[in-house]
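For reference, protein.pdb is printed below; it contains PDB, C-alpha atoms and all ligand atoms.
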```
MODEL        1
ATOM      1  CA  MET A   1       5.746  -3.713  66.311
ATOM      2  CA  THR A   2       8.835  -5.881  66.377
ATOM      3  CA  PRO A   3       9.846  -7.875  63.331
ATOM      4  CA  PRO A   4       9.862 -11.553  64.238
ATOM      5  CA  ASN A   5      13.071 -12.148  62.327
ATOM      6  CA  ASN A   6      16.080 -11.223  64.417
ATOM      7  CA  ALA A   7      18.354 -11.107  61.352
ATOM      8  CA  GLN A   8      16.625  -7.876  60.196
ATOM      9  CA  PRO A   9      19.234  -5.086  60.002
ATOM     10  CA  PRO A  10      18.651  -2.280  62.458
ATOM     11  CA  ARG A  11      16.863   0.751  61.116
ATOM     12  CA  ASP A  12      19.108   3.583  59.947
ATOM     13  CA  PRO A  13      18.248   6.542  62.150
ATOM     14  CA  GLN A  14      19.181   8.923  59.237
ATOM     15  CA  ASP A  15      16.524   7.409  57.011
ATOM     16  CA  GLU A  16      13.467   9.642  56.873
ATOM     17  CA  ASP A  17      11.354   7.308  54.867
ATOM     18  CA  GLU A  18       8.587   5.665  56.782
ATOM     19  CA  LEU A  19       8.632   1.948  57.393
ATOM     20  CA  ARG A  20       5.487   0.400  55.996
ATOM     21  CA  HIS A  21       3.232  -1.463  58.332
ATOM     22  CA  HIS A  22       3.206  -4.899  56.832
ATOM     23  CA  SER A  23       5.740  -7.592  57.353
ATOM     24  CA  TYR A  24       6.149 -10.666  55.193
ATOM     25  CA  ASP A  25       8.102 -13.447  56.768
ATOM     26  CA  GLY A  26       9.825 -10.810  58.763
ATOM     27  CA  ILE A  27      10.702  -8.696  55.753
ATOM     28  CA  GLN A  28       9.634  -5.091  55.963
ATOM     29  CA  GLU A  29       9.979  -2.280  53.438
ATOM     30  CA  TYR A  30      10.403   1.455  53.492
ATOM     31  CA  ASP A  31       7.859   3.679  51.823
ATOM     32  CA  LYS A  32      10.468   4.989  49.386
ATOM     33  CA  ARG A  33       9.718   7.768  46.957
ATOM     34  CA  LEU A  34      10.446   6.825  43.349
ATOM     35  CA  PRO A  35      13.605   8.512  42.101
ATOM     36  CA  ASN A  36      13.040  11.555  39.887
ATOM     37  CA  TRP A  37      14.882  10.153  36.900
ATOM     38  CA  TRP A  38      12.538   7.153  36.992
ATOM     39  CA  LEU A  39       9.410   9.307  37.239
ATOM     40  CA  MET A  40      10.573  11.585  34.425
ATOM     41  CA  THR A  41      11.207   8.621  32.169
ATOM     42  CA  PHE A  42       7.783   7.242  33.018
ATOM     43  CA  TYR A  43       6.021  10.558  32.258
ATOM     44  CA  ALA A  44       8.060  10.910  29.069
ATOM     45  CA  THR A  45       6.804   7.537  27.836
ATOM     46  CA  ILE A  46       3.204   8.630  28.501
ATOM     47  CA  ILE A  47       3.678  11.876  26.579
ATOM     48  CA  PHE A  48       5.429  10.002  23.778
ATOM     49  CA  ALA A  49       2.556   7.506  23.578
ATOM     50  CA  ILE A  50      -0.029  10.295  23.254
ATOM     51  CA  ILE A  51       1.933  12.129  20.560
ATOM     52  CA  TYR A  52       2.624   8.893  18.705
ATOM     53  CA  TRP A  53      -1.057   7.942  18.816
ATOM     54  CA  LEU A  54      -2.109  11.382  17.574
ATOM     55  CA  VAL A  55       0.354  11.397  14.704
ATOM     56  CA  ASP A  56      -0.320   7.812  13.731
ATOM     57  CA  GLN A  57      -4.119   7.734  14.022
ATOM     58  CA  HIS A  58      -5.250  11.301  13.456
ATOM     59  CA  PHE A  59      -2.789  12.592  10.903
ATOM     60  CA  PRO A  60      -1.916   9.367   9.109
ATOM     61  CA  SER A  61       0.517   9.753   6.278
ATOM     62  CA  SER A  62      -0.890   8.691   2.940
ATOM     63  CA  THR A  63       2.262   6.720   2.232
ATOM     64  CA  ASP A  64       0.992   3.511   3.834
ATOM     65  CA  GLN A  65      -2.130   3.607   1.706
ATOM     66  CA  SER A  66      -0.314   4.409  -1.525
ATOM     67  CA  ARG A  67       2.378   1.799  -0.872
ATOM     68  CA  LEU A  68      -0.396  -0.744  -0.374
ATOM     69  CA  GLN A  69      -2.117   0.294  -3.631
ATOM     70  CA  ALA A  70       1.159   0.105  -5.543
ATOM     71  CA  GLU A  71       1.865  -3.336  -4.131
ATOM     72  CA  ILE A  72      -1.614  -4.619  -5.087
ATOM     73  CA  ALA A  73      -1.140  -3.233  -8.601
ATOM     74  CA  ARG A  74       2.214  -4.982  -8.891
ATOM     75  CA  ILE A  75       0.768  -8.292  -7.691
ATOM     76  CA  ASP A  76      -2.123  -8.030 -10.188
ATOM     77  CA  ALA A  77       0.381  -7.318 -12.961
ATOM     78  CA  ASP A  78       2.414 -10.370 -11.950
ATOM     79  CA  LYS A  79      -0.744 -12.497 -11.984
ATOM     80  CA  LEU A  80      -1.483 -11.328 -15.499
ATOM     81  CA  ALA A  81       2.041 -12.140 -16.586
ATOM     82  CA  ALA A  82       1.551 -15.656 -15.211
ATOM     83  CA  ALA A  83      -1.813 -16.207 -16.993
ATOM     84  CA  PRO A  84      -2.448 -13.719 -19.795
ATOM     85  CA  THR A  85      -4.938 -15.912 -21.621
ATOM     86  CA  ALA A  86      -8.242 -15.957 -19.725
ATOM     87  CA  LEU A  87      -9.303 -12.378 -20.343
ATOM     88  CA  ASP A  88     -12.845 -11.053 -20.355
ATOM     89  CA  ASP A  89     -14.323  -7.556 -20.294
ATOM     90  CA  ALA A  90     -14.324  -7.405 -16.511
ATOM     91  CA  SER A  91     -10.691  -8.413 -16.111
ATOM     92  CA  LEU A  92      -9.578  -6.057 -18.900
ATOM     93  CA  TRP A  93     -11.458  -3.165 -17.294
ATOM     94  CA  LYS A  94      -9.791  -4.029 -14.024
ATOM     95  CA  MET A  95      -6.390  -4.071 -15.716
ATOM     96  CA  SER A  96      -7.125  -0.699 -17.291
ATOM     97  CA  ARG A  97      -7.306   0.751 -13.765
ATOM     98  CA  ASN A  98      -4.005  -0.828 -12.701
ATOM     99  CA  PRO A  99      -1.182   1.737 -13.010
ATOM    100  CA  VAL A 100       1.553  -0.897 -13.370
ATOM    101  CA  ILE A 101      -0.197  -2.622 -16.281
ATOM    102  CA  VAL A 102      -1.247   0.659 -17.909
ATOM    103  CA  ASP A 103       2.334   1.940 -17.729
ATOM    104  CA  ALA A 104       3.633  -1.224 -19.374
ATOM    105  CA  GLY A 105       0.929  -0.873 -22.052
ATOM    106  CA  LYS A 106       1.904   2.713 -22.674
ATOM    107  CA  THR A 107       5.510   1.699 -23.324
ATOM    108  CA  THR A 108       4.330  -0.842 -25.895
ATOM    109  CA  PHE A 109       1.957   1.684 -27.459
ATOM    110  CA  VAL A 110       4.621   4.362 -27.845
ATOM    111  CA  THR A 111       7.005   1.866 -29.435
ATOM    112  CA  TYR A 112       4.680  -0.020 -31.779
ATOM    113  CA  CYS A 113       1.434   1.872 -32.237
ATOM    114  CA  ALA A 114       2.029   5.602 -31.922
ATOM    115  CA  SER A 115       3.414   5.844 -35.480
ATOM    116  CA  CYS A 116      -0.070   5.161 -36.880
ATOM    117  CA  HIS A 117      -2.406   6.046 -34.003
ATOM    118  CA  ASN A 118      -0.475   9.040 -32.626
ATOM    119  CA  ALA A 119       1.130   9.134 -29.152
ATOM    120  CA  ALA A 120      -2.030  10.836 -27.844
ATOM    121  CA  LEU A 121      -4.129   8.009 -29.373
ATOM    122  CA  THR A 122      -6.040  10.585 -31.396
ATOM    123  CA  GLY A 123      -5.389   8.920 -34.720
ATOM    124  CA  GLY A 124      -3.356   9.374 -37.893
ATOM    125  CA  ILE A 125      -3.018   6.574 -40.389
ATOM    126  CA  GLY A 126      -5.043   4.476 -37.965
ATOM    127  CA  PRO A 127      -8.229   5.713 -36.313
ATOM    128  CA  ASN A 128      -8.692   7.641 -33.079
ATOM    129  CA  LEU A 129      -8.756   5.236 -30.101
ATOM    130  CA  VAL A 130     -10.003   7.626 -27.431
ATOM    131  CA  ASP A 131     -13.328   8.698 -28.927
ATOM    132  CA  ASP A 132     -16.487   6.608 -28.767
ATOM    133  CA  VAL A 133     -16.396   5.616 -32.427
ATOM    134  CA  TRP A 134     -15.205   2.067 -32.982
ATOM    135  CA  ILE A 135     -14.974   0.279 -36.303
ATOM    136  CA  HIS A 136     -14.512  -3.150 -34.747
ATOM    137  CA  GLY A 137     -16.281  -2.708 -31.424
ATOM    138  CA  GLY A 138     -15.279  -0.905 -28.271
ATOM    139  CA  LYS A 139     -15.728  -3.630 -25.689
ATOM    140  CA  PRO A 140     -12.378  -4.542 -24.155
ATOM    141  CA  VAL A 141     -12.475  -8.084 -25.594
ATOM    142  CA  GLN A 142     -13.285  -6.686 -29.045
ATOM    143  CA  VAL A 143     -10.427  -4.198 -28.880
ATOM    144  CA  LEU A 144      -8.140  -7.002 -27.671
ATOM    145  CA  GLU A 145      -9.255  -9.178 -30.574
ATOM    146  CA  THR A 146      -8.640  -6.393 -33.133
ATOM    147  CA  ILE A 147      -5.149  -5.806 -31.791
ATOM    148  CA  LYS A 148      -4.370  -9.539 -31.733
ATOM    149  CA  LYS A 149      -5.531 -10.312 -35.265
ATOM    150  CA  GLY A 150      -5.173  -6.867 -36.865
ATOM    151  CA  VAL A 151      -7.130  -5.717 -39.910
ATOM    152  CA  LEU A 152      -4.639  -6.650 -42.542
ATOM    153  CA  VAL A 153      -6.590  -5.345 -45.552
ATOM    154  CA  LYS A 154      -6.799  -1.898 -43.976
ATOM    155  CA  GLY A 155      -3.156  -1.744 -42.945
ATOM    156  CA  MET A 156      -3.511  -2.627 -39.254
ATOM    157  CA  PRO A 157      -1.024  -5.391 -38.495
ATOM    158  CA  GLY A 158      -1.889  -8.331 -36.222
ATOM    159  CA  TRP A 159       0.146  -7.958 -33.077
ATOM    160  CA  GLU A 160      -0.129 -11.211 -31.171
ATOM    161  CA  PRO A 161       2.723 -12.941 -33.039
ATOM    162  CA  VAL A 162       4.915  -9.855 -32.627
ATOM    163  CA  LEU A 163       4.182  -8.855 -29.043
ATOM    164  CA  GLY A 164       2.831 -11.974 -27.346
ATOM    165  CA  ALA A 165      -0.333 -12.297 -25.288
ATOM    166  CA  GLN A 166       0.839 -10.311 -22.283
ATOM    167  CA  LYS A 167       1.905  -7.172 -24.134
ATOM    168  CA  VAL A 168      -1.270  -7.222 -26.231
ATOM    169  CA  ALA A 169      -3.349  -7.399 -23.052
ATOM    170  CA  GLU A 170      -1.349  -4.570 -21.493
ATOM    171  CA  VAL A 171      -1.722  -2.310 -24.503
ATOM    172  CA  THR A 172      -5.472  -3.044 -24.550
ATOM    173  CA  ALA A 173      -5.607  -2.019 -20.887
ATOM    174  CA  TYR A 174      -3.737   1.148 -21.790
ATOM    175  CA  ILE A 175      -6.291   2.073 -24.477
ATOM    176  CA  MET A 176      -9.201   1.223 -22.162
ATOM    177  CA  SER A 177      -7.673   3.423 -19.456
ATOM    178  CA  TYR A 178      -8.817   6.356 -21.620
ATOM    179  CA  HIS A 179     -12.398   5.106 -21.493
ATOM    180  CA  ALA A 180     -14.880   5.066 -18.656
ATOM    181  CA  ALA A 181     -15.608   1.607 -17.330
ATOM    182  CA  PRO A 182     -19.338   0.758 -17.295
TER
HETATM  183  C1  LIG B   1       0.896   0.619 -39.752
HETATM  184  C2  LIG B   1      -0.064   1.413 -39.062
HETATM  185  C3  LIG B   1      -0.637   0.870 -37.767
HETATM  186  C4  LIG B   1       0.033   0.453 -36.668
HETATM  187  C5  LIG B   1       1.550   0.403 -36.443
HETATM  188  C6  LIG B   1      -0.960   0.098 -35.683
HETATM  189  N1  LIG B   1      -2.212   0.282 -36.197
HETATM  190 FE1  LIG B   1      -3.952  -0.006 -35.223
HETATM  191  N2  LIG B   1      -4.968   0.431 -36.918
HETATM  192  C7  LIG B   1      -4.405   0.873 -38.101
HETATM  193  C8  LIG B   1      -5.443   1.090 -39.079
HETATM  194  C9  LIG B   1      -5.252   1.554 -40.487
HETATM  195  C10 LIG B   1      -6.663   0.760 -38.420
HETATM  196  C11 LIG B   1      -8.064   0.812 -39.033
HETATM  197  C12 LIG B   1      -8.531  -0.571 -39.400
HETATM  198  C13 LIG B   1      -9.848  -0.509 -40.114
HETATM  199  O1  LIG B   1     -10.169   0.527 -40.719
HETATM  200  O2  LIG B   1     -10.566  -1.513 -40.014
HETATM  201  C14 LIG B   1      -6.318   0.357 -37.056
HETATM  202  C15 LIG B   1      -7.234  -0.038 -36.112
HETATM  203  C16 LIG B   1      -6.935  -0.281 -34.801
HETATM  204  C17 LIG B   1      -7.914  -0.580 -33.790
HETATM  205  C18 LIG B   1      -9.403  -0.692 -33.988
HETATM  206  C19 LIG B   1     -10.052   0.657 -33.864
HETATM  207  C20 LIG B   1     -11.548   0.606 -34.071
HETATM  208  O3  LIG B   1     -12.106   1.677 -34.221
HETATM  209  O4  LIG B   1     -12.131  -0.484 -33.976
HETATM  210  C21 LIG B   1      -7.232  -0.737 -32.627
HETATM  211  C22 LIG B   1      -7.820  -1.033 -31.250
HETATM  212  C23 LIG B   1      -5.841  -0.565 -32.921
HETATM  213  N3  LIG B   1      -5.683  -0.282 -34.249
HETATM  214  C24 LIG B   1      -4.839  -0.691 -32.001
HETATM  215  C25 LIG B   1      -3.497  -0.685 -32.324
HETATM  216  C26 LIG B   1      -2.440  -1.015 -31.404
HETATM  217  C27 LIG B   1      -2.644  -1.330 -29.924
HETATM  218  C28 LIG B   1      -1.289  -0.957 -32.093
HETATM  219  C29 LIG B   1       0.102  -1.233 -31.580
HETATM  220  C30 LIG B   1       0.337  -2.526 -30.942
HETATM  221  C31 LIG B   1      -1.602  -0.568 -33.437
HETATM  222  N4  LIG B   1      -2.944  -0.427 -33.545
HETATM  223  C32 LIG B   1      -0.660  -0.356 -34.440
HETATM  224  C33 LIG B   1      -3.069   1.071 -38.344
HETATM  225  C34 LIG B   1      -2.043   0.745 -37.461
ENDMDL
END
```

Using the file provided, produce a representation of the structure as structure tokens.
Ligand code: HEC
Amino acid sequence: MTPPNNAQPPRDPQDEDELRHHSYDGIQEYDKRLPNWWLMTFYATIIFAIIYWLVDQHFPSSTDQSRLQAEIARIDADKLAAAPTALDDASLWKMSRNPVIVDAGKTTFVTYCASCHNAALTGGIGPNLVDDVWIHGGKPVQVLETIKKGVLVKGMPGWEPVLGAQKVAEVTAYIMSYHAAP
């Protein structure tokens, strides 16, 4: 079979590769073997892909999940900081399960409340806040209300003017974090 194009270079007699049978506009090609370095790289990428898939999908690190949880907690805490007013039982229970808010509440509690209620919340001058006995009601909104207004005649100060709405909500969440949500 003669290539129609006369400009085709003559075949190198040293070349052992077979000439393939087709011809496109007079252009023919050898049936060249792929170089080893190329094949090795190709196989390496396949092996890498399998290992990567195994590690990523079958032994996933928990870090992605926990980073996501931490980020959601931070966003919820920021939302609260932006609008600390509209609080009901449901939102306070939700806050009490948010580690960022609970941590902030703990800081407030240790600073302002632990002197009377004990750092373990088990009571002292003020009553125990982790048992099921409540003088002024144990629903989150009731606890929030007690902390806001205080019980002045009994020696429990009102905290809203001192701490502001956000800190009062956080410290309520901290106390509720010791209680089981319904
Ligand atoms: C000076 C002491 C004192 C400090 C400080 C104090 N409390 Fe109290 N607290 C009391 C006393 C006393 C009572 C009991 C009121 C009563 O008998 O009605 C009480 C009651 C409460 C109650 C209601 C408990 C119930 O059973 O209904 C909550 C909630 C509470 N305190 C939270 C806090 C928080 C949160 C802080 C800090 C921001 C705080 N307290 C700081 C003395 C204190």

Per residue of chain A within 6 Å of ligand LIG 1 (chain B), what are the shortest atom pair and its distance in Å to one decimal, counting all atoms listed in the file, with rows by chain and residue number, as a Markdown table?
```
| residue | atom | partner | partner_atom | distance |
| --- | --- | --- | --- | --- |
| A:Phe109 | CA | B:LIG1 | C29 | 5.4 |
| A:Tyr112 | CA | B:LIG1 | C29 | 4.7 |
| A:Cys113 | CA | B:LIG1 | C29 | 3.4 |
| A:Ser115 | CA | B:LIG1 | C5 | 5.8 |
| A:Cys116 | CA | B:LIG1 | C2 | 4.3 |
| A:Ile125 | CA | B:LIG1 | C9 | 5.5 |
| A:Gly126 | CA | B:LIG1 | C8 | 3.6 |
| A:Pro127 | CA | B:LIG1 | C10 | 5.6 |
| A:Trp134 | CA | B:LIG1 | O3 | 3.4 |
| A:Ile135 | CA | B:LIG1 | O4 | 3.8 |
| A:His136 | CA | B:LIG1 | O4 | 3.7 |
| A:Gly137 | CA | B:LIG1 | O4 | 5.4 |
| A:Val143 | CA | B:LIG1 | C22 | 4.7 |
| A:Thr146 | CA | B:LIG1 | C22 | 5.7 |
| A:Ile147 | CA | B:LIG1 | C24 | 5.1 |
| A:Val151 | CA | B:LIG1 | C12 | 5.4 |
| A:Lys154 | CA | B:LIG1 | C12 | 5.1 |
| A:Gly155 | CA | B:LIG1 | C9 | 4.6 |
| A:Met156 | CA | B:LIG1 | C7 | 3.8 |
| A:Trp159 | CA | B:LIG1 | C30 | 5.8 |
| A:Val171 | CA | B:LIG1 | C27 | 5.6 |
```

Quiz prompt | Which residue of A:Gln142, A:Ser23, A:Gln28, A:Ser66 approaches A:Met176 most closely, using only C-alpha atoms | solution =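 For A:Met176, the nearest of the candidates is A:Gln142.
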
Quiz prompt | Separation of atom CA of A:Tyr178 from atom CA of A:Val130 in Å | solution = 6.1 Å

Practice problem: Would you write out, as number ranges by chain, every residue that the PyMOL selection byres (((chain A and resi 32-43) around 10) and not hetatm) captures in this file? | Solution: A: 16-20, 29-31, 44-49

Practice problem: Between A:Leu80, A:Ile51, A:Ile75, A:Ile175, single out the one closest to A:Val110, counting all atoms listed in the file. | Solution: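 Among the listed residues, A:Ile175 lies closest to A:Val110.
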
Please put the answer as AutoDock Vina command-line options: centre and edge lengths, in Å with one decimal, of a box along x, y and z that encloses all listed atoms of stretch 141-150 of chain A plus 3 Å on each side.
```
--center_x -8.8 --center_y -7.3 --center_z -31.2 --size_x 14.9 --size_y 12.1 --size_z 17.3
```

Practice problem: Report the residues retrieved by the PyMOL selection byres (((chain A and resi 70-73) around 10) and not hetatm) from the displayed file, expressed as a PyMOL selection string. | Solution: chain A and resi 64-69+74-79+95+97-101

Quiz item: Using all atoms listed in the file, which of A:Ala83, A:Thr63, A:Leu121, A:His58 sits nearest A:Ala165?
Solution: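 Comparing A:Ala83, A:Thr63, A:Leu121, A:His58 against A:Ala165, the winner is A:Ala83.
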
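The space separating atom CA of A:Asp88 from atom CA of A:Gly124 comes to 28.5 Å.
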
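A straight line drawn from atom CA of A:Ala181 to atom CA of A:Asp131 is 13.8 Å long.
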
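The closest residue to A:Ala173, picked from A:Lys139, A:Leu87, A:Leu92, A:Ala81 and counting all atoms listed in the file, is A:Leu92.
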
Self-check item: From A:Ala180, A:Val168, A:Ala86, A:Ala120, residue lying nearest A:Lys149 [all atoms listed in the file]
Solution: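 Ranked by minimum distance to A:Lys149, first place goes to A:Val168.
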